[in-house]
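**Student:** Following this message is one structure expressed as structure tokens.
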Amino acid sequence: MKRIFYFIIVNIAILFVLSIFLSLTGFTGILQSNGVDLDYDSLMLFSLVFGMGGSFISLYMSKWMAKSMAGVKLINTPSNEFEKWYLDTVKRQSDQLGLKMPEVGIFNSPQPNAFATGSSKNSSLVALSTGLVSAMNRDEIEAVIGCLLYTSPSPRDS
């Protein structure tokens with residue numbers, strides 16, 4: 001809940017700063033002198049609703065979008081020794097952080113890359129690229145997984 005409160009406060013602050021910027025630069029005066037009659041309060045409210053609404057929608061769609069656009073292959077049952085180690089590592093680190101086990105996957109990309117996404121830490125996806133898996137040793141990969149799991153909002157912040 002705390003992070004949603006911060007999210008709302010930051011969005012309101014951004015709108016406040018932008019409205020001051022528009023006033024200081026004379027944008028409102030230019031429009032009025034050209035006969036454009038805008039209700040800035042309504043415009044700011046409209047921007048707030050659509051901006052934050054879009055952010056929440058994209059947050060809740062992020063797992064699906066990441067899986068389909070990055071072509072993430074989910075690992076439910078390991079098919080080799082590395083996948084078993086990968087699942088065990090994510091499970092162990094999730095347990096240590098008090099998190100629900102995220103979905104785990106690999107996506108095909110020659111560049112070393114990794115991401116975690118989802119609407120919350122307890123409804124997330126952790127994915128590594130094939131480039132990362134081939135470029136790093138297991139200690140390095142374990143550190144990447146730890147960073148992915150640890151840096152997203154914690155359940156005590158919700």
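Going through the structure tokens in order, the chains are called A, B, and so on, while each chain numbers its residues from 1 and the ligands are numbered from 1 in the order shown.
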Enumerate, in order of chain and increasing residue number, the residues of range 31-93 of chain A with an atom no farther than 8 Å from range 106-120 of chain A, each with its shortest atom pair and distance in Å to one decimal, counting only C-alpha atoms, as JSON lines.
**Tutor:**
{"residue": "A:Leu59", "atom": "CA", "partner": "A:Ser119", "partner_atom": "CA", "distance": 5.5}
{"residue": "A:Tyr60", "atom": "CA", "partner": "A:Ser119", "partner_atom": "CA", "distance": 5.0}
{"residue": "A:Met61", "atom": "CA", "partner": "A:Gly118", "partner_atom": "CA", "distance": 7.7}
{"residue": "A:Ser62", "atom": "CA", "partner": "A:Gly118", "partner_atom": "CA", "distance": 5.7}
{"residue": "A:Lys63", "atom": "CA", "partner": "A:Gly118", "partner_atom": "CA", "distance": 5.1}
{"residue": "A:Ala66", "atom": "CA", "partner": "A:Thr117", "partner_atom": "CA", "distance": 7.8}
{"residue": "A:Ala70", "atom": "CA", "partner": "A:Phe107", "partner_atom": "CA", "distance": 6.4}
{"residue": "A:Gly71", "atom": "CA", "partner": "A:Phe107", "partner_atom": "CA", "distance": 5.8}
{"residue": "A:Val72", "atom": "CA", "partner": "A:Phe107", "partner_atom": "CA", "distance": 4.4}
{"residue": "A:Lys73", "atom": "CA", "partner": "A:Ile106", "partner_atom": "CA", "distance": 5.4}
{"residue": "A:Leu74", "atom": "CA", "partner": "A:Ile106", "partner_atom": "CA", "distance": 6.6}
{"residue": "A:Ile75", "atom": "CA", "partner": "A:Ile106", "partner_atom": "CA", "distance": 7.6}
**Student:** Using backbone DSSP assignments, extract all alpha helix (DSSP H) residues from chain A; output them as a PyMOL selection string.
**Tutor:** chain A and resi 2-24+27-33+40-70+81-97+130-135+138-151
**Student:** Which residues come within 8 Å of range 51-57 of chain A, counting only C-alpha atoms, excluding same-chain residues fewer than 4 positions away, as a list in words?
**Tutor:**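 Near neighbours after the sequence-gap exclusion: Ile8, Asn11, Ser47 and Met61 of chain A.
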**Student:** One number please: CA of Met136 in chain A to CA of Gln96 in chain A, in Å, one decimal.
**Tutor:**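 Calculated distance between CA of Met136 in chain A and CA of Gln96 in chain A is 23.1 Å.
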